[in-house]
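Data block for data-v2.pdb (PDB, C-alpha atoms, pLDDT in the B column):
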```pdb
ATOM      1  CA  MET A   1      13.155  26.116   4.840  1.00 65.00           C
ATOM      2  CA  LYS A   2      13.952  22.529   3.910  1.00 84.00           C
ATOM      3  CA  GLU A   3      12.221  20.646   1.139  1.00 89.00           C
ATOM      4  CA  LYS A   4       8.902  18.929   1.826  1.00 90.00           C
ATOM      5  CA  VAL A   5       8.062  15.458   0.529  1.00 89.00           C
ATOM      6  CA  LEU A   6       4.493  14.408  -0.289  1.00 90.00           C
ATOM      7  CA  GLY A   7       3.754  10.736  -0.860  1.00 85.00           C
ATOM      8  CA  LEU A   8       3.661   7.511   1.093  1.00 84.00           C
ATOM      9  CA  SER A   9       4.689   7.957   4.725  1.00 78.00           C
ATOM     10  CA  LYS A  10       7.192   5.613   6.390  1.00 83.00           C
ATOM     11  CA  PHE A  11       4.306   3.960   8.249  1.00 85.00           C
ATOM     12  CA  GLU A  12       2.361   3.419   5.013  1.00 84.00           C
ATOM     13  CA  LYS A  13       5.442   2.028   3.275  1.00 85.00           C
ATOM     14  CA  THR A  14       5.990  -0.370   6.187  1.00 90.00           C
ATOM     15  CA  LEU A  15       2.384  -1.603   6.023  1.00 89.00           C
ATOM     16  CA  ILE A  16       2.530  -1.978   2.238  1.00 88.00           C
ATOM     17  CA  PHE A  17       5.700  -4.052   2.624  1.00 88.00           C
ATOM     18  CA  ILE A  18       4.653  -6.216   5.579  1.00 92.00           C
ATOM     19  CA  ILE A  19       0.977  -6.990   4.836  1.00 93.00           C
ATOM     20  CA  PRO A  20       1.398  -8.516   1.322  1.00 91.00           C
ATOM     21  CA  MET A  21       4.454 -10.454   2.536  1.00 92.00           C
ATOM     22  CA  ILE A  22       2.540 -11.958   5.484  1.00 92.00           C
ATOM     23  CA  LEU A  23      -0.571 -12.703   3.407  1.00 91.00           C
ATOM     24  CA  GLY A  24       1.564 -14.249   0.667  1.00 88.00           C
ATOM     25  CA  GLY A  25       3.346 -16.441   3.198  1.00 88.00           C
ATOM     26  CA  LEU A  26       0.067 -17.579   4.807  1.00 87.00           C
ATOM     27  CA  LEU A  27      -1.499 -18.270   1.427  1.00 84.00           C
ATOM     28  CA  GLY A  28       1.492 -20.398   0.423  1.00 78.00           C
ATOM     29  CA  TRP A  29       1.548 -22.299   3.727  1.00 78.00           C
ATOM     30  CA  TYR A  30      -2.178 -23.118   3.656  1.00 77.00           C
ATOM     31  CA  LEU A  31      -2.394 -23.722  -0.106  1.00 77.00           C
ATOM     32  CA  PRO A  32      -3.259 -27.459   0.254  1.00 73.00           C
ATOM     33  CA  VAL A  33      -5.968 -26.636   2.825  1.00 71.00           C
ATOM     34  CA  ILE A  34      -7.413 -23.988   0.491  1.00 70.00           C
ATOM     35  CA  GLY A  35      -7.283 -26.516  -2.361  1.00 70.00           C
ATOM     36  CA  ASN A  36      -9.292 -29.061  -0.322  1.00 68.00           C
ATOM     37  CA  TRP A  37     -11.871 -26.406   0.540  1.00 68.00           C
ATOM     38  CA  ILE A  38     -12.263 -25.426  -3.135  1.00 67.00           C
ATOM     39  CA  LEU A  39     -12.807 -29.087  -4.103  1.00 65.00           C
ATOM     40  CA  LYS A  40     -15.898 -29.156  -1.857  1.00 65.00           C
ATOM     41  CA  LEU A  41     -17.598 -26.478  -3.973  1.00 65.00           C
ATOM     42  CA  PRO A  42     -20.327 -27.613  -6.422  1.00 69.00           C
ATOM     43  CA  ILE A  43     -18.397 -26.329  -9.446  1.00 70.00           C
ATOM     44  CA  VAL A  44     -14.596 -26.350  -9.507  1.00 60.00           C
ATOM     45  CA  PRO A  45     -12.649 -24.794 -12.400  1.00 69.00           C
ATOM     46  CA  PHE A  46      -9.266 -26.379 -13.224  1.00 66.00           C
ATOM     47  CA  GLU A  47     -10.217 -29.329 -11.020  1.00 63.00           C
ATOM     48  CA  LYS A  48      -7.168 -31.447 -11.900  1.00 70.00           C
ATOM     49  CA  ILE A  49      -4.782 -28.640 -10.903  1.00 71.00           C
ATOM     50  CA  ILE A  50      -6.664 -28.020  -7.644  1.00 67.00           C
ATOM     51  CA  GLU A  51      -6.574 -31.752  -6.844  1.00 68.00           C
ATOM     52  CA  PHE A  52      -2.814 -31.753  -7.422  1.00 67.00           C
ATOM     53  CA  ILE A  53      -2.334 -28.776  -5.063  1.00 66.00           C
ATOM     54  CA  ALA A  54      -4.602 -30.359  -2.435  1.00 65.00           C
ATOM     55  CA  SER A  55      -2.485 -33.530  -2.529  1.00 72.00           C
ATOM     56  CA  TRP A  56       0.552 -31.679  -1.186  1.00 68.00           C
ATOM     57  CA  ASN A  57       1.130 -32.898   2.352  1.00 71.00           C
ATOM     58  CA  SER A  58       4.853 -32.434   2.801  1.00 71.00           C
ATOM     59  CA  LEU A  59       6.157 -29.952   5.366  1.00 76.00           C
ATOM     60  CA  TRP A  60       8.922 -28.921   2.966  1.00 78.00           C
ATOM     61  CA  ILE A  61       6.417 -28.171   0.207  1.00 77.00           C
ATOM     62  CA  SER A  62       4.465 -25.936   2.595  1.00 80.00           C
ATOM     63  CA  ILE A  63       7.667 -24.138   3.616  1.00 84.00           C
ATOM     64  CA  VAL A  64       8.725 -23.584  -0.010  1.00 84.00           C
ATOM     65  CA  ALA A  65       5.211 -22.411  -0.965  1.00 83.00           C
ATOM     66  CA  ALA A  66       5.209 -20.000   1.981  1.00 87.00           C
ATOM     67  CA  ILE A  67       8.602 -18.584   0.947  1.00 89.00           C
ATOM     68  CA  ILE A  68       7.415 -18.148  -2.643  1.00 87.00           C
ATOM     69  CA  GLY A  69       4.254 -16.437  -1.358  1.00 87.00           C
ATOM     70  CA  MET A  70       6.344 -14.052   0.745  1.00 92.00           C
ATOM     71  CA  ILE A  71       8.585 -13.224  -2.223  1.00 93.00           C
ATOM     72  CA  LEU A  72       5.531 -12.499  -4.387  1.00 92.00           C
ATOM     73  CA  GLY A  73       4.199 -10.270  -1.594  1.00 91.00           C
ATOM     74  CA  VAL A  74       7.454  -8.285  -1.551  1.00 92.00           C
ATOM     75  CA  LEU A  75       7.352  -7.921  -5.349  1.00 93.00           C
ATOM     76  CA  LEU A  76       3.780  -6.618  -5.089  1.00 91.00           C
ATOM     77  CA  ALA A  77       4.910  -4.064  -2.497  1.00 90.00           C
ATOM     78  CA  LEU A  78       7.727  -2.902  -4.790  1.00 87.00           C
ATOM     79  CA  ILE A  79       5.230  -2.444  -7.634  1.00 88.00           C
ATOM     80  CA  ILE A  80       2.996  -0.350  -5.357  1.00 86.00           C
ATOM     81  CA  TYR A  81       6.006   1.774  -4.338  1.00 83.00           C
ATOM     82  CA  ALA A  82       6.946   2.345  -7.984  1.00 83.00           C
ATOM     83  CA  GLU A  83       3.407   3.344  -8.970  1.00 83.00           C
ATOM     84  CA  SER A  84       2.955   5.798  -6.068  1.00 88.00           C
ATOM     85  CA  LEU A  85       3.708   9.416  -6.920  1.00 92.00           C
ATOM     86  CA  GLU A  86       6.195  11.254  -4.688  1.00 91.00           C
ATOM     87  CA  VAL A  87       6.439  15.054  -4.861  1.00 93.00           C
ATOM     88  CA  VAL A  88       9.457  16.911  -3.492  1.00 94.00           C
ATOM     89  CA  ILE A  89       8.654  20.604  -2.963  1.00 95.00           C
ATOM     90  CA  THR A  90      11.146  23.448  -2.680  1.00 95.00           C
ATOM     91  CA  PHE A  91      10.684  27.181  -3.193  1.00 95.00           C
ATOM     92  CA  GLU A  92      12.254  26.930  -6.650  1.00 95.00           C
ATOM     93  CA  SER A  93      10.896  23.710  -8.132  1.00 95.00           C
ATOM     94  CA  LEU A  94       8.931  20.489  -7.867  1.00 96.00           C
ATOM     95  CA  LYS A  95      10.479  17.074  -8.338  1.00 96.00           C
ATOM     96  CA  LEU A  96       7.882  14.467  -9.316  1.00 95.00           C
ATOM     97  CA  LYS A  97       9.033  10.869  -8.917  1.00 93.00           C
ATOM     98  CA  LEU A  98       7.050   7.978 -10.365  1.00 92.00           C
ATOM     99  CA  ASP A  99       7.908   4.524 -11.700  1.00 86.00           C
ATOM    100  CA  GLY A 100      11.649   5.186 -11.667  1.00 84.00           C
ATOM    101  CA  LYS A 101      11.272   8.469 -13.561  1.00 89.00           C
ATOM    102  CA  GLU A 102      11.854  11.958 -12.173  1.00 92.00           C
ATOM    103  CA  ASP A 103      10.403  15.146 -13.678  1.00 94.00           C
ATOM    104  CA  THR A 104      11.366  18.637 -12.542  1.00 96.00           C
ATOM    105  CA  ILE A 105       9.021  21.583 -12.981  1.00 96.00           C
ATOM    106  CA  TYR A 106      10.106  25.085 -11.935  1.00 97.00           C
ATOM    107  CA  LYS A 107       7.775  27.387 -10.038  1.00 96.00           C
ATOM    108  CA  LYS A 108       8.301  30.194 -12.568  1.00 96.00           C
ATOM    109  CA  ASP A 109       6.724  27.966 -15.253  1.00 96.00           C
ATOM    110  CA  ILE A 110       3.570  27.128 -13.262  1.00 96.00           C
ATOM    111  CA  SER A 111       0.282  29.041 -13.417  1.00 95.00           C
ATOM    112  CA  ALA A 112      -1.941  26.698 -11.350  1.00 96.00           C
ATOM    113  CA  ILE A 113      -1.929  23.440  -9.387  1.00 96.00           C
ATOM    114  CA  TYR A 114      -5.122  21.608  -8.433  1.00 95.00           C
ATOM    115  CA  MET A 115      -6.605  18.193  -7.668  1.00 92.00           C
ATOM    116  CA  GLU A 116      -9.315  16.638  -9.826  1.00 90.00           C
ATOM    117  CA  LYS A 117     -10.696  13.091  -9.756  1.00 85.00           C
ATOM    118  CA  LYS A 118      -7.804  11.797  -7.633  1.00 86.00           C
ATOM    119  CA  GLN A 119      -5.243  13.383  -9.941  1.00 91.00           C
ATOM    120  CA  LEU A 120      -2.667  16.098  -9.339  1.00 94.00           C
ATOM    121  CA  ILE A 121      -2.661  18.531 -12.269  1.00 95.00           C
ATOM    122  CA  ILE A 122      -0.087  21.242 -12.971  1.00 96.00           C
ATOM    123  CA  LEU A 123      -0.714  23.940 -15.585  1.00 96.00           C
ATOM    124  CA  GLY A 124       1.877  26.111 -17.315  1.00 95.00           C
ATOM    125  CA  LYS A 125       1.898  29.837 -17.996  1.00 92.00           C
ATOM    126  CA  ASP A 126       0.081  29.357 -21.333  1.00 91.00           C
ATOM    127  CA  SER A 127      -2.680  27.343 -19.590  1.00 93.00           C
ATOM    128  CA  ASN A 128      -1.071  24.203 -21.035  1.00 94.00           C
ATOM    129  CA  GLU A 129      -0.933  20.980 -19.038  1.00 95.00           C
ATOM    130  CA  LEU A 130       2.550  20.318 -17.666  1.00 95.00           C
ATOM    131  CA  TYR A 131       1.757  17.293 -15.520  1.00 95.00           C
ATOM    132  CA  ARG A 132      -1.106  14.964 -14.590  1.00 94.00           C
ATOM    133  CA  GLU A 133      -0.822  11.862 -12.420  1.00 93.00           C
ATOM    134  CA  SER A 134      -2.869   9.967  -9.854  1.00 89.00           C
ATOM    135  CA  PHE A 135      -2.279  11.073  -6.276  1.00 87.00           C
ATOM    136  CA  ASP A 136      -3.750  10.230  -2.875  1.00 75.00           C
ATOM    137  CA  ALA A 137      -6.940  12.316  -2.840  1.00 57.00           C
ATOM    138  CA  LYS A 138      -7.445  11.650   0.891  1.00 64.00           C
ATOM    139  CA  LYS A 139      -4.446  13.885   1.552  1.00 72.00           C
ATOM    140  CA  GLU A 140      -5.731  16.828  -0.499  1.00 77.00           C
ATOM    141  CA  PRO A 141      -5.867  19.246   2.494  1.00 84.00           C
ATOM    142  CA  VAL A 142      -2.249  18.339   3.341  1.00 86.00           C
ATOM    143  CA  VAL A 143      -1.226  18.696  -0.312  1.00 89.00           C
ATOM    144  CA  GLN A 144      -2.951  22.062  -0.587  1.00 90.00           C
ATOM    145  CA  GLU A 145      -1.305  23.367   2.579  1.00 92.00           C
ATOM    146  CA  ALA A 146       2.136  22.205   1.440  1.00 92.00           C
ATOM    147  CA  PHE A 147       1.925  23.962  -1.923  1.00 94.00           C
ATOM    148  CA  LYS A 148       0.621  27.145  -0.301  1.00 93.00           C
ATOM    149  CA  GLU A 149       3.407  27.030   2.293  1.00 93.00           C
ATOM    150  CA  TYR A 150       5.970  27.078  -0.512  1.00 95.00           C
ATOM    151  CA  GLN A 151       4.007  29.806  -2.338  1.00 95.00           C
ATOM    152  CA  TYR A 152       2.813  27.802  -5.326  1.00 96.00           C
ATOM    153  CA  PRO A 153      -0.372  28.943  -7.142  1.00 96.00           C
ATOM    154  CA  TRP A 154      -2.901  26.460  -5.737  1.00 96.00           C
ATOM    155  CA  ALA A 155      -6.395  26.462  -7.287  1.00 94.00           C
ATOM    156  CA  LYS A 156      -9.516  24.893  -5.781  1.00 91.00           C
ATOM    157  CA  LYS A 157     -10.582  23.695  -9.239  1.00 92.00           C
ATOM    158  CA  ASP A 158      -9.628  23.923 -12.906  1.00 94.00           C
ATOM    159  CA  PRO A 159      -9.422  27.670 -13.662  1.00 94.00           C
ATOM    160  CA  PHE A 160     -10.344  26.970 -17.309  1.00 94.00           C
ATOM    161  CA  GLU A 161     -13.245  24.565 -16.743  1.00 91.00           C
ATOM    162  CA  ASP A 162     -15.660  26.663 -18.847  1.00 91.00           C
ATOM    163  CA  GLN A 163     -13.440  26.453 -21.953  1.00 92.00           C
ATOM    164  CA  TYR A 164     -13.816  22.736 -22.707  1.00 93.00           C
ATOM    165  CA  GLU A 165     -15.953  21.377 -25.531  1.00 92.00           C
ATOM    166  CA  ARG A 166     -16.742  17.809 -26.418  1.00 93.00           C
ATOM    167  CA  TRP A 167     -14.561  16.434 -29.165  1.00 92.00           C
ATOM    168  CA  VAL A 168     -16.203  14.762 -32.169  1.00 90.00           C
ATOM    169  CA  LEU A 169     -14.578  13.125 -35.171  1.00 89.00           C
ATOM    170  CA  GLY A 170     -13.284  15.724 -37.616  1.00 83.00           C
ATOM    171  CA  HIS A 171     -13.820  18.613 -35.175  1.00 85.00           C
ATOM    172  CA  PRO A 172     -13.598  21.806 -37.303  1.00 86.00           C
ATOM    173  CA  ASP A 173     -11.742  23.836 -34.647  1.00 82.00           C
ATOM    174  CA  PHE A 174      -8.738  21.491 -34.438  1.00 87.00           C
ATOM    175  CA  PRO A 175      -5.971  20.744 -36.973  1.00 87.00           C
ATOM    176  CA  GLU A 176      -5.923  17.369 -38.711  1.00 90.00           C
ATOM    177  CA  LYS A 177      -2.995  16.079 -36.625  1.00 91.00           C
ATOM    178  CA  ILE A 178      -4.761  16.847 -33.345  1.00 92.00           C
ATOM    179  CA  ASN A 179      -8.009  15.283 -34.586  1.00 93.00           C
ATOM    180  CA  ALA A 180      -6.099  12.147 -35.607  1.00 94.00           C
ATOM    181  CA  LEU A 181      -4.472  11.810 -32.172  1.00 95.00           C
ATOM    182  CA  LEU A 182      -7.773  12.435 -30.398  1.00 95.00           C
ATOM    183  CA  TYR A 183      -9.418   9.763 -32.553  1.00 95.00           C
ATOM    184  CA  ALA A 184      -6.621   7.304 -31.716  1.00 96.00           C
ATOM    185  CA  ARG A 185      -7.035   8.091 -28.026  1.00 96.00           C
ATOM    186  CA  GLU A 186     -10.807   7.625 -28.176  1.00 94.00           C
ATOM    187  CA  CYS A 187     -10.269   4.201 -29.764  1.00 95.00           C
ATOM    188  CA  ALA A 188      -7.787   3.326 -27.001  1.00 95.00           C
ATOM    189  CA  LEU A 189     -10.315   4.341 -24.338  1.00 93.00           C
ATOM    190  CA  ARG A 190     -13.064   2.247 -25.936  1.00 92.00           C
ATOM    191  CA  GLU A 191     -10.747  -0.767 -26.016  1.00 93.00           C
ATOM    192  CA  ASP A 192      -9.678  -0.101 -22.404  1.00 92.00           C
ATOM    193  CA  LYS A 193      -6.037   0.367 -23.429  1.00 94.00           C
ATOM    194  CA  LYS A 194      -5.225   2.701 -20.554  1.00 91.00           C
ATOM    195  CA  LYS A 195      -1.487   2.956 -21.173  1.00 91.00           C
ATOM    196  CA  ASP A 196      -2.000   3.875 -24.832  1.00 95.00           C
ATOM    197  CA  ALA A 197      -4.571   6.494 -23.827  1.00 95.00           C
ATOM    198  CA  LYS A 198      -2.149   7.923 -21.262  1.00 93.00           C
ATOM    199  CA  TYR A 199       0.731   8.192 -23.748  1.00 94.00           C
ATOM    200  CA  LEU A 200      -1.551   9.829 -26.318  1.00 95.00           C
ATOM    201  CA  ARG A 201      -2.645  12.367 -23.693  1.00 95.00           C
ATOM    202  CA  VAL A 202       1.015  13.263 -23.142  1.00 93.00           C
ATOM    203  CA  ASP A 203       1.553  13.639 -26.908  1.00 94.00           C
ATOM    204  CA  LEU A 204      -1.496  15.879 -27.165  1.00 94.00           C
ATOM    205  CA  ALA A 205      -0.371  17.952 -24.155  1.00 93.00           C
ATOM    206  CA  LYS A 206       2.864  18.700 -26.029  1.00 91.00           C
ATOM    207  CA  LEU A 207       0.681  20.131 -28.818  1.00 91.00           C
ATOM    208  CA  GLY A 208      -1.168  22.370 -26.358  1.00 92.00           C
ATOM    209  CA  VAL A 209      -4.256  20.156 -25.999  1.00 94.00           C
ATOM    210  CA  VAL A 210      -5.804  19.684 -22.538  1.00 95.00           C
ATOM    211  CA  ILE A 211      -8.299  16.845 -22.082  1.00 94.00           C
ATOM    212  CA  LYS A 212     -10.977  15.911 -19.561  1.00 93.00           C
ATOM    213  CA  ASP A 213     -12.603  12.468 -19.771  1.00 92.00           C
ATOM    214  CA  GLU A 214     -16.268  12.838 -18.851  1.00 89.00           C
ATOM    215  CA  ASN A 215     -19.568  11.186 -19.796  1.00 83.00           C
ATOM    216  CA  ASN A 216     -17.801   8.603 -21.984  1.00 86.00           C
ATOM    217  CA  GLY A 217     -16.274  11.357 -24.095  1.00 90.00           C
ATOM    218  CA  GLN A 218     -13.228  13.593 -24.436  1.00 94.00           C
ATOM    219  CA  TYR A 219     -13.746  17.237 -23.516  1.00 95.00           C
ATOM    220  CA  VAL A 220     -10.977  19.353 -24.978  1.00 93.00           C
ATOM    221  CA  ARG A 221      -9.537  22.847 -24.861  1.00 93.00           C
ATOM    222  CA  LEU A 222      -6.471  24.414 -26.445  1.00 91.00           C
ATOM    223  CA  ALA A 223      -3.766  26.183 -24.460  1.00 89.00           C
ATOM    224  CA  GLU A 224      -3.657  29.949 -24.979  1.00 76.00           C
ATOM    225  CA  LYS A 225      -0.448  29.880 -27.045  1.00 65.00           C
ATOM    226  CA  LYS A 226      -1.892  27.187 -29.316  1.00 59.00           C
ATOM    227  CA  GLN A 227      -5.061  29.223 -29.844  1.00 60.00           C
ATOM    228  CA  ILE A 228      -2.988  32.227 -30.915  1.00 51.00           C
ATOM    229  CA  GLU A 229      -1.021  30.046 -33.368  1.00 60.00           C
ATOM    230  CA  LEU A 230      -4.173  28.623 -34.950  1.00 58.00           C
ATOM    231  CA  PHE A 231      -6.168  31.820 -35.274  1.00 53.00           C
ATOM    232  CA  ARG A 232      -3.346  34.213 -36.126  1.00 53.00           C
TER     233      ARG A 232
END
```
Rewritten as structure tokens:
Amino acid sequence: MKEKVLGLSKFEKTLIFIIPMILGGLLGWYLPVIGNWILKLPIVPFEKIIEFIASWNSLWISIVAAIIGMILGVLLALIIYAESLEVVITFESLKLKLDGKEDTIYKKDISAIYMEKKQLIILGKDSNELYRESFDAKKEPVVQEAFKEYQYPWAKKDPFEDQYERWVLGHPDFPEKINALLYARECALREDKKKDAKYLRVDLAKLGVVIKDENNGQYVRLAEKKQIELFR
């Protein structure tokens, strides 16, 4: 059986490419008209700039603005492509492609795969988290069927959901290093630094820490191997 690819379909990719390009071109072409409409509003921010845009009445300016709008639309489409997860499934392994990076996870190293809050989550043999990324939740039945077809251990929900406990500063069950990273991640979440929080999650996953963000808090469990190390 050939490999199966989960991700944006050709039709979706075409729409993502064409729609922003067309909208960008139209926005550029009608920019002076839009500027005149904005000037009629009771309150106009950046009024001088809007007046300058509304004063454009040259055909060439409209053409150039439309071309720039189309280029910006194409760039937006490329960003969407890069940030959309693509999963290539074979009987031996998964290839996960995102933002120019490719990760390979072998079936023999996987204990469970499931979807949760629009994210695809892959767990290892020690109940550790191998992978977590946003994925199209609307396609969950298709995703589930694909993984089952290639004999991957699909789970309807997190098989360890009853093992999480809310993390608090200086949690007595976790080593100092883990507590420090969890504190740094909590600060990042409070400050809405999503990228920092994501990178810290990856660092913690390498230490055997699995995290769920719920009720404005971090709910944490330790992978089985990490538990054995700590309580040996």
### Among the residues A:Trp167, A:Lys97, A:Ile110, A:Ala77, the one that comes closest to A:Val5 [using only C-alpha atoms]
A:Lys97
### Task
Please write the residues picked by the PyMOL selection byres ((chain A and resi 201) around 12) on this file as a ChimeraX atom specification.
/A:129-133,178,181-186,188-189,194-200,202-213,218,220
### Task
State, in Å with one decimal place, the distance from atom CA of A:Gly28 to atom CA of A:Ile68.
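Separating atom CA of A:Gly28 from atom CA of A:Ile68 is a distance of 7.0 Å.
Selecting by distance to (-15.9, 22.9, -25.5) with a limit of 9 Å and using only C-alpha atoms, one obtains Asp162, Gln163, Tyr164, Glu165, Arg166, Trp167, Tyr219, Val220 and Arg221 of chain A.
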### Task
In Å, rounded to a single decimal, give me how far atom CA of A:Lys48 is from atom CA of A:Ile22.
27.9 Å
### Å distance separating atom CA of A:Ile67 from atom CA of A:Gly25, one decimal place
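Those two atoms sit 6.1 Å apart.
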### Query
Applied to this file, what does the PyMOL selection byres ((chain A and resi 98) around 10) return in terms of residues, put as a list in words?
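Given this file, the PyMOL selection byres ((chain A and resi 98) around 10) evaluates to Tyr81, Ala82, Glu83, Ser84, Leu85, Glu86, Val87, Lys95, Leu96, Lys97, Asp99, Gly100, Lys101, Glu102, Asp103 and Glu133 of chain A.
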### Task
Would you please work out which residue, of A:Pro20, A:Ser9, A:Lys4, A:Ser127, is nearest to A:Leu222 when using all atoms listed in the file?
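Checking each of A:Pro20, A:Ser9, A:Lys4, A:Ser127 against A:Leu222, counting all atoms listed in the file, the winner is A:Ser127.
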### Task
Starting from the shown file, work through the PyMOL selection byres ((chain A and resi 145-154) around 10) and note down what comes out as a list in words.
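This file gives the following for the PyMOL selection byres ((chain A and resi 145-154) around 10): Met1, Glu3, Lys4, Val5, Leu6, Ile89, Thr90, Phe91, Glu92, Ser93, Leu94, Lys107, Lys108, Ile110, Ser111, Ala112, Ile113, Tyr114, Met115, Ile122, Leu123, Glu140, Pro141, Val142, Val143, Gln144, Ala155, Lys156 and Lys157 of chain A.
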Give the centre and edge lengths of an axis-aligned box, in Å to one decimal, that holds all listed atoms of stretch 67-82 of chain A with 5 Å on each side, as JSON.
```
{"center_x": 5.8, "center_y": -8.1, "center_z": -3.5, "size_x": 15.6, "size_y": 30.9, "size_z": 18.9}
```
